[in-house]
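Undergrad: Pasting model_22.txt here (compact mmCIF, C-alpha atoms and all ligand atoms):
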```
# COMPACT_ATOMS: atom_id res chain seq x y z
CA MET A 1 0.00 0.00 0.00
CA PRO A 2 1.44 3.42 -0.89
CA LEU A 3 2.20 5.95 1.82
CA ASP A 4 -0.89 8.02 2.48
CA LEU A 5 -0.54 9.74 5.80
CA ALA A 6 2.26 11.00 8.02
CA ILE A 7 1.50 11.52 11.68
CA ILE A 8 3.82 14.06 13.23
CA LEU A 9 4.43 13.64 16.93
CA PRO A 10 6.35 16.58 18.39
CA THR A 11 7.96 15.30 21.56
CA LEU A 12 9.65 16.62 24.63
CA ASN A 13 10.18 13.96 27.27
CA GLU A 14 7.56 11.50 26.09
CA ARG A 15 9.67 8.33 26.19
CA GLY A 16 7.10 6.04 27.80
CA ASN A 17 4.23 7.28 25.64
CA LEU A 18 5.63 6.38 22.21
CA ALA A 19 5.29 2.60 21.93
CA PRO A 20 1.69 2.46 23.19
CA LEU A 21 0.74 5.36 20.91
CA VAL A 22 2.16 3.67 17.80
CA GLU A 23 0.08 0.63 18.76
CA ARG A 24 -3.05 2.72 19.08
CA ILE A 25 -2.36 4.36 15.72
CA GLU A 26 -2.00 0.94 14.11
CA ARG A 27 -5.28 -0.12 15.63
CA ALA A 28 -6.94 2.95 14.13
CA LEU A 29 -5.32 2.95 10.67
CA GLY A 30 -4.44 -0.65 10.02
CA ARG A 31 -1.05 -2.03 9.06
CA ASP A 32 -0.08 0.07 6.05
CA GLY A 33 -0.23 3.40 4.36
CA TRP A 34 1.04 5.56 7.19
CA GLU A 35 4.17 6.62 8.97
CA VAL A 36 4.87 8.23 12.30
CA LEU A 37 7.39 11.07 12.42
CA ILE A 38 8.72 11.70 15.87
CA VAL A 39 10.24 15.18 16.02
CA ASP A 40 12.11 15.31 19.27
CA ASP A 41 13.91 18.33 20.68
CA ASP A 42 16.71 16.38 22.28
CA SER A 43 14.66 15.27 25.30
CA LYS A 44 16.66 14.50 28.41
CA ASP A 45 14.67 11.32 29.05
CA GLY A 46 15.96 9.64 25.90
CA THR A 47 12.79 9.96 23.83
CA ALA A 48 14.81 10.05 20.59
CA ASP A 49 16.66 6.84 21.51
CA GLU A 50 13.38 5.15 22.35
CA ALA A 51 12.02 6.32 18.99
CA ARG A 52 15.05 4.86 17.19
CA GLU A 53 14.56 1.65 19.13
CA LEU A 54 11.00 1.47 17.80
CA ALA A 55 12.12 2.42 14.29
CA LEU A 56 14.60 -0.46 14.18
CA GLU A 57 11.74 -2.91 14.40
CA ASP A 58 9.12 -0.86 12.61
CA ARG A 59 9.80 0.89 9.30
CA ARG A 60 6.71 3.01 9.77
CA VAL A 61 8.40 4.92 12.56
CA ARG A 62 10.89 7.69 11.76
CA VAL A 63 12.86 10.05 13.94
CA ILE A 64 14.04 13.62 13.65
CA GLN A 65 16.18 14.61 16.59
CA ARG A 66 16.79 18.33 16.75
CA ILE A 67 19.71 19.61 18.75
CA GLY A 68 19.67 23.07 20.26
CA ARG A 69 16.21 23.85 18.94
CA ARG A 70 12.85 24.14 20.61
CA GLY A 71 9.25 24.71 19.81
CA LEU A 72 6.12 22.80 19.00
CA SER A 73 5.30 24.87 15.91
CA SER A 74 8.74 24.57 14.38
CA ALA A 75 8.73 20.83 15.13
CA ALA A 76 5.49 20.45 13.16
CA ILE A 77 6.96 22.48 10.30
CA GLU A 78 10.01 20.24 10.32
CA GLY A 79 7.66 17.29 9.95
CA PHE A 80 5.72 18.83 7.04
CA CYS A 81 8.97 19.17 5.14
CA ALA A 82 10.34 15.73 5.98
CA THR A 83 7.63 13.47 4.64
CA ALA A 84 6.54 12.30 1.21
CA ALA A 85 3.06 11.38 2.42
CA PRO A 86 0.34 13.42 0.66
CA TYR A 87 -1.54 13.95 3.93
CA VAL A 88 -0.16 14.99 7.26
CA ALA A 89 -1.54 15.05 10.79
CA VAL A 90 -0.13 16.65 13.92
CA MET A 91 -1.00 15.26 17.33
CA ASP A 92 0.22 15.21 20.94
CA ALA A 93 2.37 12.24 21.87
CA ASP A 94 0.85 12.10 25.36
CA HIS A 95 -2.35 10.23 24.41
CA GLN A 96 -4.57 13.27 24.91
CA HIS A 97 -5.61 12.97 21.27
CA ASP A 98 -7.54 9.89 20.23
CA PRO A 99 -6.02 8.25 17.09
CA ALA A 100 -9.44 6.78 16.30
CA LEU A 101 -10.28 10.08 14.59
CA LEU A 102 -7.45 9.73 12.06
CA PRO A 103 -9.23 7.52 9.48
CA ARG A 104 -12.31 9.71 9.54
CA MET A 105 -10.29 12.88 9.06
CA LEU A 106 -8.38 11.29 6.20
CA ALA A 107 -11.56 10.15 4.50
CA SER A 108 -13.03 13.62 4.79
CA LEU A 109 -9.96 15.25 3.18
CA LYS A 110 -9.88 12.68 0.39
CA ALA A 111 -13.55 13.24 -0.33
CA GLY A 112 -12.74 16.93 -0.73
CA GLU A 113 -15.13 17.87 2.04
CA ALA A 114 -12.59 20.16 3.68
CA ASP A 115 -9.18 21.81 3.28
CA ILE A 116 -8.25 20.94 6.84
CA CYS A 117 -9.69 18.67 9.53
CA VAL A 118 -9.51 19.71 13.14
CA ALA A 119 -10.20 17.66 16.23
CA SER A 120 -12.12 19.98 18.49
CA ARG A 121 -12.41 19.89 22.25
CA PHE A 122 -15.41 22.17 22.10
CA ALA A 123 -17.48 20.92 19.18
CA GLU A 124 -20.90 19.42 19.71
CA GLY A 125 -20.35 15.93 21.09
CA ALA A 126 -16.82 16.56 22.34
CA SER A 127 -15.85 16.07 25.91
CA THR A 128 -13.12 17.41 28.09
CA ALA A 129 -14.33 15.49 31.11
CA ASP A 130 -10.94 13.90 31.63
CA TRP A 131 -9.21 17.22 31.36
CA ALA A 132 -8.04 18.06 34.83
CA GLU A 133 -7.52 21.76 34.20
CA PRO A 134 -10.77 23.78 34.16
CA GLU A 135 -8.77 27.00 34.31
CA ARG A 136 -7.16 26.29 30.98
CA GLU A 137 -10.44 25.23 29.52
CA LYS A 138 -11.86 28.65 30.31
CA LEU A 139 -8.84 30.44 28.81
CA SER A 140 -9.15 28.39 25.64
CA GLY A 141 -12.80 29.35 25.35
CA LEU A 142 -11.93 33.04 25.50
CA ALA A 143 -9.07 32.78 23.04
CA ASN A 144 -11.28 30.90 20.59
CA THR A 145 -13.65 33.83 20.37
CA VAL A 146 -10.87 36.22 19.36
CA ALA A 147 -9.26 33.70 17.04
CA ARG A 148 -12.48 33.28 15.16
CA ALA A 149 -12.55 37.03 14.60
CA ILE A 150 -9.07 37.20 13.04
CA THR A 151 -8.84 34.01 11.01
CA GLY A 152 -12.27 34.46 9.52
CA VAL A 153 -12.81 30.77 10.08
CA ASP A 154 -15.73 29.71 12.15
CA LEU A 155 -14.51 26.89 14.31
CA THR A 156 -14.83 25.96 17.92
CA ASP A 157 -11.21 25.11 18.70
CA PRO A 158 -8.57 27.05 16.73
CA MET A 159 -6.11 26.30 19.53
CA SER A 160 -6.36 22.57 18.92
CA GLY A 161 -3.11 20.69 18.61
CA TYR A 162 -4.67 17.86 16.62
CA PHE A 163 -5.43 18.37 12.94
CA MET A 164 -4.84 16.99 9.44
CA LEU A 165 -4.38 18.56 6.02
CA PRO A 166 -2.83 17.86 2.61
CA THR A 167 0.93 18.10 3.04
CA ALA A 168 1.28 20.24 -0.09
CA THR A 169 -1.00 22.88 1.44
CA ALA A 170 1.03 22.91 4.64
CA ARG A 171 4.34 23.14 2.81
CA ALA A 172 3.08 25.97 0.59
CA LEU A 173 2.31 27.98 3.73
CA VAL A 174 5.58 27.21 5.52
CA PRO A 175 7.61 30.16 4.17
CA ARG A 176 5.06 32.58 5.59
CA LEU A 177 4.37 30.87 8.93
CA SER A 178 5.71 32.58 11.99
CA GLY A 179 6.72 29.28 13.62
CA ILE A 180 6.82 30.93 17.02
CA GLY A 181 5.23 29.30 20.05
CA PHE A 182 2.71 26.52 20.21
CA LYS A 183 -0.26 27.32 18.07
CA ILE A 184 0.61 25.98 14.66
CA LEU A 185 -3.01 25.48 13.61
CA LEU A 186 -3.84 29.13 14.24
CA ASP A 187 -0.71 30.07 12.33
CA LEU A 188 -1.77 27.97 9.32
CA LEU A 189 -5.32 29.33 9.29
CA ALA A 190 -4.25 32.94 9.67
CA THR A 191 -1.52 32.66 7.04
CA SER A 192 -3.60 31.07 4.29
CA LYS A 193 -4.75 33.73 1.80
CA GLU A 194 -7.98 31.92 0.98
CA THR A 195 -10.19 31.13 3.93
CA MET A 196 -9.76 27.41 4.56
CA ARG A 197 -12.74 25.11 4.65
CA VAL A 198 -12.58 23.42 8.02
CA SER A 199 -14.19 20.19 9.06
CA GLU A 200 -14.42 19.64 12.80
CA PHE A 201 -14.35 16.35 14.63
CA PRO A 202 -15.53 16.23 18.23
CA LEU A 203 -12.68 15.00 20.39
CA ASN A 204 -12.87 13.18 23.66
CA PHE A 205 -9.95 14.96 25.17
CA ALA A 206 -8.18 12.63 27.56
CA ALA A 207 -5.84 13.26 30.43
CA ARG A 208 -2.14 13.04 29.62
CA ARG A 209 -0.95 9.44 29.95
CA ALA A 210 2.53 9.97 31.41
CA GLY A 211 5.06 12.73 31.80
CA GLU A 212 4.14 16.33 32.34
CA SER A 213 2.66 19.17 30.34
CA LYS A 214 5.19 21.54 28.81
CA LEU A 215 2.73 24.28 28.23
CA ASP A 216 1.59 26.40 31.11
CA ARG A 217 -0.90 28.97 32.17
CA ALA A 218 0.47 31.44 29.66
CA VAL A 219 -1.57 29.93 26.78
CA LEU A 220 -3.52 33.13 26.43
CA PHE A 221 -0.32 35.12 26.30
CA ASP A 222 1.02 32.78 23.67
CA PHE A 223 -2.09 33.37 21.69
CA LEU A 224 -1.83 37.17 21.95
CA ALA A 225 1.78 36.97 20.79
CA GLY A 226 0.54 34.97 17.80
CA LEU A 227 -2.05 37.63 17.07
CA TYR A 228 0.54 40.38 17.20
CA ASP A 229 2.83 38.36 14.98
CA LYS A 230 0.16 38.12 12.30
CA THR A 231 -0.55 41.86 12.35
CA LEU A 232 2.03 44.36 13.61
CA GLY A 233 4.66 41.63 13.64
CA ARG A 234 5.38 42.38 10.00
CA VAL A 235 6.62 45.85 10.96
CA ILE A 236 8.32 45.17 14.28
CA PRO A 237 9.25 41.51 14.85
CA THR A 238 7.32 39.91 17.71
CA ARG A 239 10.29 38.85 19.76
CA PHE A 240 11.88 42.26 19.43
CA ALA A 241 8.66 43.96 20.54
CA LEU A 242 8.49 41.67 23.56
CA PHE A 243 12.14 42.16 24.26
CA GLY A 244 11.66 45.94 24.08
CA THR A 245 8.63 45.83 26.39
CA VAL A 246 10.57 43.78 28.88
CA GLY A 247 13.46 46.25 28.55
CA ALA A 248 11.12 49.16 29.28
CA LEU A 249 9.92 47.39 32.43
CA GLY A 250 13.60 46.93 33.28
CA VAL A 251 14.04 50.71 33.21
CA VAL A 252 11.28 51.00 35.80
CA VAL A 253 13.00 48.41 37.98
CA HIS A 254 16.29 50.23 37.52
CA TYR A 255 14.92 53.54 38.82
CA ALA A 256 13.05 51.82 41.66
CA VAL A 257 16.28 50.28 42.94
CA LEU A 258 18.29 53.44 42.32
CA PHE A 259 15.89 55.71 44.19
CA ALA A 260 15.53 53.19 47.03
CA LEU A 261 19.30 53.05 47.59
CA PHE A 262 20.58 56.49 46.70
CA PRO A 263 21.36 58.73 48.47
CA ARG A 264 19.97 57.42 51.73
CA LEU A 265 21.33 53.85 51.98
CA VAL A 266 24.50 54.10 49.87
CA ASP A 267 26.70 57.16 49.52
CA ALA A 268 28.40 56.47 46.22
CA PHE A 269 26.23 56.97 43.16
CA TRP A 270 28.11 54.34 41.17
CA GLU A 271 27.38 51.66 43.77
CA ALA A 272 23.67 52.33 43.64
CA GLN A 273 23.82 52.54 39.86
CA LEU A 274 25.62 49.21 39.64
CA ALA A 275 23.13 47.53 41.99
CA ALA A 276 20.28 48.94 39.90
CA VAL A 277 21.87 47.75 36.64
CA LEU A 278 22.37 44.22 37.97
CA THR A 279 18.87 44.00 39.42
CA ALA A 280 17.29 45.30 36.22
CA MET A 281 19.39 42.93 34.10
CA SER A 282 18.44 39.93 36.21
CA PHE A 283 14.81 40.98 36.13
CA ASN A 284 14.96 41.36 32.35
CA PHE A 285 16.64 38.02 31.96
CA TRP A 286 14.02 36.29 34.05
CA LEU A 287 11.13 37.98 32.26
CA ASN A 288 12.58 37.38 28.80
CA ASN A 289 13.14 33.78 29.68
CA TRP A 290 9.57 33.52 30.84
CA LEU A 291 7.84 35.48 28.07
CA THR A 292 9.92 36.35 25.03
CA TYR A 293 11.56 32.97 24.80
CA ARG A 294 8.97 30.88 26.54
CA ASP A 295 9.06 28.32 23.74
CA ARG A 296 12.73 27.70 24.39
CA ARG A 297 12.82 28.58 28.06
CA LEU A 298 15.97 27.73 30.00
CA LYS A 299 15.07 25.39 32.81
CA GLY A 300 16.84 24.01 35.86
CA TRP A 301 19.38 25.95 37.90
CA GLY A 302 22.40 25.05 35.77
CA GLU A 303 20.85 26.11 32.49
CA PHE A 304 19.28 29.17 34.07
CA LEU A 305 22.49 30.44 35.71
CA ARG A 306 24.57 29.87 32.60
CA GLY A 307 21.93 31.75 30.61
CA TRP A 308 21.94 34.56 33.13
CA ALA A 309 25.72 34.93 32.97
CA GLY A 310 25.55 34.98 29.17
CA PHE A 311 22.81 37.58 29.30
CA VAL A 312 24.80 39.84 31.64
CA VAL A 313 27.89 39.66 29.40
CA THR A 314 25.76 40.30 26.30
CA CYS A 315 24.04 43.26 27.90
CA ALA A 316 27.36 44.67 29.04
CA VAL A 317 28.40 44.88 25.39
CA GLY A 318 25.10 46.49 24.47
CA GLY A 319 25.45 48.85 27.41
CA PHE A 320 28.86 49.89 26.20
CA ALA A 321 27.52 50.53 22.70
CA ASN A 322 24.71 52.52 24.27
CA VAL A 323 26.99 54.82 26.26
CA ALA A 324 29.49 55.19 23.42
CA VAL A 325 26.88 56.25 20.88
CA ALA A 326 25.08 58.55 23.30
CA THR A 327 28.33 60.23 24.35
CA LEU A 328 29.48 60.67 20.78
CA LEU A 329 26.20 62.23 19.69
CA GLU A 330 26.05 64.48 22.72
CA SER A 331 29.58 65.72 22.10
CA GLN A 332 28.53 66.57 18.54
CA GLY A 333 25.90 68.92 19.94
CA VAL A 334 22.84 66.63 19.84
CA PHE A 335 20.35 67.42 22.63
CA TYR A 336 21.27 65.08 25.50
CA ALA A 337 17.84 63.43 25.87
CA LEU A 338 17.83 62.54 22.16
CA ALA A 339 21.40 61.29 22.37
CA ALA A 340 20.38 59.06 25.28
CA LEU A 341 17.44 57.72 23.29
CA ALA A 342 19.67 56.90 20.32
CA GLY A 343 22.00 55.08 22.71
CA ILE A 344 19.13 53.09 24.18
CA LEU A 345 17.80 52.09 20.76
CA ILE A 346 21.16 50.97 19.45
CA GLY A 347 21.95 49.19 22.71
CA SER A 348 18.66 47.31 22.69
CA VAL A 349 18.88 46.20 19.06
CA TRP A 350 22.36 44.98 19.82
CA ASN A 351 21.31 43.20 23.01
CA TYR A 352 18.35 41.63 21.28
CA ALA A 353 20.38 40.33 18.36
CA LEU A 354 23.14 38.94 20.53
CA SER A 355 21.05 37.46 23.31
CA SER A 356 18.51 35.85 21.02
CA ARG A 357 21.41 34.11 19.38
CA PHE A 358 23.74 33.35 22.24
CA VAL A 359 21.48 33.00 25.25
CA TRP A 360 18.33 31.38 23.85
CA GLY A 361 19.37 30.38 20.37
CA ARG A 362 22.10 28.37 18.85
CA PHE A 363 25.67 29.35 19.15
N1 LIG B 401 9.53 18.83 19.57
C1 LIG B 401 8.91 19.51 20.57
N2 LIG B 401 7.78 19.00 21.12
C2 LIG B 401 7.19 19.70 22.12
C3 LIG B 401 7.70 20.92 22.61
N3 LIG B 401 6.87 21.36 23.61
C4 LIG B 401 5.91 20.44 23.72
N4 LIG B 401 6.09 19.42 22.84
C5 LIG B 401 5.24 18.25 22.60
O1 LIG B 401 4.03 18.75 22.07
C6 LIG B 401 2.92 18.00 22.56
C7 LIG B 401 1.97 18.94 23.31
O2 LIG B 401 2.58 19.38 24.50
P1 LIG B 401 1.92 19.14 25.91
O3 LIG B 401 2.98 19.31 26.93
O4 LIG B 401 1.18 17.85 25.91
O5 LIG B 401 0.94 20.36 25.96
P2 LIG B 401 -0.55 20.35 26.54
O6 LIG B 401 -1.27 19.19 25.89
O7 LIG B 401 -1.10 21.67 26.13
O8 LIG B 401 -0.39 20.19 28.01
C8 LIG B 401 3.52 16.89 23.41
O9 LIG B 401 3.66 15.73 22.60
C9 LIG B 401 4.86 17.45 23.82
O10 LIG B 401 5.80 16.43 24.08
C10 LIG B 401 8.90 21.42 22.02
O11 LIG B 401 9.42 22.47 22.37
N5 LIG B 401 9.46 20.69 21.01
MG MG B 402 -0.75 17.32 25.78
```
Represent the structure contained in this file as structure tokens.
Ligand SMILES: Nc1nc2c(ncn2[C@@H]2O[C@H](COP(=O)(O)OP(=O)(O)O)[C@@H](O)[C@H]2O)c(=O)[nH]1
Ligand SMILES: [Mg+2]
TA:
Amino acid sequence: MPLDLAIILPTLNERGNLAPLVERIERALGRDGWEVLIVDDDSKDGTADEARELALEDRRVRVIQRIGRRGLSSAAIEGFCATAAPYVAVMDADHQHDPALLPRMLASLKAGEADICVASRFAEGASTADWAEPEREKLSGLANTVARAITGVDLTDPMSGYFMLPTATARALVPRLSGIGFKILLDLLATSKETMRVSEFPLNFAARRAGESKLDRAVLFDFLAGLYDKTLGRVIPTRFALFGTVGALGVVVHYAVLFALFPRLVDAFWEAQLAAVLTAMSFNFWLNNWLTYRDRRLKGWGEFLRGWAGFVVTCAVGGFANVAVATLLESQGVFYALAALAGILIGSVWNYALSSRFVWGRF
């Protein structure tokens, strides 16, 4: 039987979930005509090795192990581009998504009933009874309403992580996808020039089988970032805007520390200034790690401290550029407040470029 469908499983620490999931997929789709693409971001628990172990015995299983890269969206994109199957599905590896829907979605696409099939947690007949997080359920509901407004597609669950479409459609959209964050479906729908015809399948959303969720309460934030990316993001890149916002908050922290210390608690201005700089830098690092780079967040004390040290060094360079430019301009007769602003802008572009590469990106 020719290859019909590729099922992309983005994974981060899902070792124990793989083998049982492949079994469930086989039960749903039968022996042939499909392949499973495990796109693993170098999980510490050896998910990629487990996947290779499975692949040795089972030609339908393939592995892409990405080193130094993160992100659910970009993992899905990687999968779109790495398969020859004419249809492609994306689903969670944690058994929250029922493989039994796969054959029905495939049939619907083949019959030309839809451009994309989405498993919905909120469609008529769906259930999220096993979902242990009512708080997230509520957030999803809210985000859906806004998503509907911008994508022009009327569907109940644009934040779903379980969907299927013709691979050629997905690949055609890839160059214009933002690839940031977690909501690849929303990205696809919002990027497509023609409004896609969507077919929804009610999903019985199950509790995660093993391991822990990598996404957190910031789903709504993630969604807003996606919104921005699709609109103003064309003018000012999303990460830079976030980075700049975080930087502006850092200025507030800086002055708070400075005014608290100087001149009452410390006599020397430079000491207070240094304390303020370090506090603001650490605050910025923490917030950037949490928000701007949440899809590739540094975790654990070792990773976090190394990242922090890198960030401080990076910002020191940017800080130097800032002062140098501002001083030069001021000495040329530019009004000092404008000179300072120029310094800040150049410093922040510099810091952004360097830290996105060296702290959160690849060396
Ligand atoms: N490759 C890759 N997979 C990821 C990443 N983050 C999450 N995943 C996987 O994406 C799927 C959805 O994530 P999950 O933690 O279950 O999110 P939740 O269902 O919203 O709680 C799971 O199979 C995760 O292992 C990532 O950064 N890279
Ligand atoms: Mg999940």
Undergrad: Which is closer to ligand LIG 401 (chain B) than all the others in A:Gly152, A:Pro2, A:Gly46, A:Pro10, using only C-alpha atoms and all ligand atoms?
TA: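 Checking each of A:Gly152, A:Pro2, A:Gly46, A:Pro10 against ligand LIG 401 (chain B), counting only C-alpha atoms and all ligand atoms, the winner is A:Pro10.
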Undergrad: May I have the residues within 10 Å of ligand MG 402 (chain B), computed using all atoms listed in the file, as a PyMOL selection string?
TA: chain A and resi 11+91-97+161-162+205-215
Undergrad: Given the choices A:Arg27, A:Lys110, A:Arg294, A:Arg70, which gets closest to A:Pro86 if the distance is worked out from all atoms listed in the file?
TA: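 Among A:Arg27, A:Lys110, A:Arg294, A:Arg70, it is A:Lys110 that comes nearest to A:Pro86.
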Undergrad: Nearest residue to ligand LIG 401 (chain B) out of A:Arg59, A:Arg66, A:Arg121, A:Arg357, using only C-alpha atoms and all ligand atoms?
TA: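 Selected residue with least distance to ligand LIG 401 (chain B): A:Arg66.
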Undergrad: I'd like the interatomic distance between atom CA of A:Arg69 and atom N3 of ligand LIG 401 (chain B), to a tenth of an Å.
TA: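 One can read the atom CA of A:Arg69 to atom N3 of ligand LIG 401 (chain B) distance as 10.7 Å.
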Undergrad: A:Ala126, A:Ala168, A:Leu298, A:Val253: which is nearest ligand LIG 401 (chain B), counting all atoms listed in the file?
TA: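 Under the stated criterion, the closest residue is A:Leu298.
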Undergrad: Around (26.1, 52.1, 23.1), as given in the file, which residues come within 10 Å? Count only C-alpha atoms and list them as a ChimeraX atom specification.
TA: /A:316-328,340,342-348,350
Undergrad: Go ahead and dump the residues you just picked, C-alpha atoms, as an mmCIF file, keeping the file's coordinate frame.
TA:
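Saved to again-v5.cif:
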```
data_model
loop_
_atom_site.group_PDB
_atom_site.id
_atom_site.type_symbol
_atom_site.label_atom_id
_atom_site.label_comp_id
_atom_site.auth_asym_id
_atom_site.auth_seq_id
_atom_site.Cartn_x
_atom_site.Cartn_y
_atom_site.Cartn_z
ATOM 1 C CA ALA A 316 27.360 44.670 29.040
ATOM 2 C CA VAL A 317 28.400 44.880 25.390
ATOM 3 C CA GLY A 318 25.100 46.490 24.470
ATOM 4 C CA GLY A 319 25.450 48.850 27.410
ATOM 5 C CA PHE A 320 28.860 49.890 26.200
ATOM 6 C CA ALA A 321 27.520 50.530 22.700
ATOM 7 C CA ASN A 322 24.710 52.520 24.270
ATOM 8 C CA VAL A 323 26.990 54.820 26.260
ATOM 9 C CA ALA A 324 29.490 55.190 23.420
ATOM 10 C CA VAL A 325 26.880 56.250 20.880
ATOM 11 C CA ALA A 326 25.080 58.550 23.300
ATOM 12 C CA THR A 327 28.330 60.230 24.350
ATOM 13 C CA LEU A 328 29.480 60.670 20.780
ATOM 14 C CA ALA A 340 20.380 59.060 25.280
ATOM 15 C CA ALA A 342 19.670 56.900 20.320
ATOM 16 C CA GLY A 343 22.000 55.080 22.710
ATOM 17 C CA ILE A 344 19.130 53.090 24.180
ATOM 18 C CA LEU A 345 17.800 52.090 20.760
ATOM 19 C CA ILE A 346 21.160 50.970 19.450
ATOM 20 C CA GLY A 347 21.950 49.190 22.710
ATOM 21 C CA SER A 348 18.660 47.310 22.690
ATOM 22 C CA TRP A 350 22.360 44.980 19.820
#
```
Undergrad: Select, from A:Ala51, A:Gly226, A:Ser282, A:Thr191, the residue with the minimum atom-to-atom distance to A:Pro175, counting all atoms listed in the file.
TA: A:Thr191
Undergrad: Counting all atoms listed in the file, which residue out of A:Glu35, A:Glu113, A:Leu177, A:Ile77 sits closest to A:Ala55?
TA: A:Glu35
Undergrad: How big is the axis-aligned box, and where does its centre sit, when it encloses all atoms of ligand LIG 401 (chain B) listed in the file and has 4 Å added on every side, reported in Å to one decimal as AutoDock Vina command-line options?
TA:
```
--center_x 4.1 --center_y 19.1 --center_z 23.8 --size_x 18.8 --size_y 14.7 --size_z 16.4
```
Undergrad: What's around stretch 284-292 of chain A at 8 Å? Count all atoms listed in the file, leave out sequence neighbours fewer than 5 positions away in its own chain, and write the answer as a ChimeraX atom specification.
TA: /A:239,242-243,246-247,249-250,297-298,308,311
Undergrad: Near A:Lys230, within 9 Å and counting all atoms listed in the file, which residues show up once chain neighbours fewer than 2 positions away are dropped, as an mmCIF file with C-alpha atoms, in the frame of the given file?
TA:
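Generated output (selection.cif):
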```cif
data_model
loop_
_atom_site.group_PDB
_atom_site.id
_atom_site.type_symbol
_atom_site.label_atom_id
_atom_site.label_comp_id
_atom_site.auth_asym_id
_atom_site.auth_seq_id
_atom_site.Cartn_x
_atom_site.Cartn_y
_atom_site.Cartn_z
ATOM 1 C CA SER A 178 5.710 32.580 11.990
ATOM 2 C CA ASP A 187 -0.710 30.070 12.330
ATOM 3 C CA ALA A 190 -4.250 32.940 9.670
ATOM 4 C CA THR A 191 -1.520 32.660 7.040
ATOM 5 C CA ALA A 225 1.780 36.970 20.790
ATOM 6 C CA GLY A 226 0.540 34.970 17.800
ATOM 7 C CA LEU A 227 -2.050 37.630 17.070
ATOM 8 C CA TYR A 228 0.540 40.380 17.200
ATOM 9 C CA LEU A 232 2.030 44.360 13.610
ATOM 10 C CA GLY A 233 4.660 41.630 13.640
ATOM 11 C CA ARG A 234 5.380 42.380 10.000
#
```
Undergrad: Applying 10 Å and all atoms listed in the file, which residues near A:Arg60 remain after dropping the ones on its own chain fewer than 5 positions away? List them as a PDB file with C-alpha atoms, in the frame of the given file.
TA:
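In the end it all went to result34.pdb:
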```
ATOM      1  CA  LEU A   3       2.200   5.950   1.820  1.00  0.00           C
ATOM      2  CA  ALA A   6       2.260  11.000   8.020  1.00  0.00           C
ATOM      3  CA  VAL A  22       2.160   3.670  17.800  1.00  0.00           C
ATOM      4  CA  GLU A  26      -2.000   0.940  14.110  1.00  0.00           C
ATOM      5  CA  ARG A  31      -1.050  -2.030   9.060  1.00  0.00           C
ATOM      6  CA  ASP A  32      -0.080   0.070   6.050  1.00  0.00           C
ATOM      7  CA  GLY A  33      -0.230   3.400   4.360  1.00  0.00           C
ATOM      8  CA  TRP A  34       1.040   5.560   7.190  1.00  0.00           C
ATOM      9  CA  GLU A  35       4.170   6.620   8.970  1.00  0.00           C
ATOM     10  CA  VAL A  36       4.870   8.230  12.300  1.00  0.00           C
ATOM     11  CA  LEU A  37       7.390  11.070  12.420  1.00  0.00           C
ATOM     12  CA  LEU A  54      11.000   1.470  17.800  1.00  0.00           C
ATOM     13  CA  ALA A  55      12.120   2.420  14.290  1.00  0.00           C
TER      14      ALA A  55
END
```
Undergrad: What is the distance between atom CA of A:Glu14 and atom CA of A:Arg104, in Å to one decimal?
TA: 25.9 Å
Undergrad: To one decimal in Å, tell me the separation between atom CA of A:Asp45 and atom N2 of ligand LIG 401 (chain B).
TA: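 Calculated distance between atom CA of A:Asp45 and atom N2 of ligand LIG 401 (chain B) is 13.0 Å.
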Undergrad: Compile the contact shell of stretch 269-277 of chain A as a list in words: residues with an atom at most 10 Å away, counting only C-alpha atoms, same-chain residues fewer than 6 positions apart removed.
TA: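 Neighbouring residues, sequence-local ones excluded: Gly250, Val251, Val253, His254, Tyr255, Ala256, Val257, Leu258, Phe259, Ala260, Leu261, Phe262, Pro263, Phe283, Val312, Ala316 and Gly319 of chain A.
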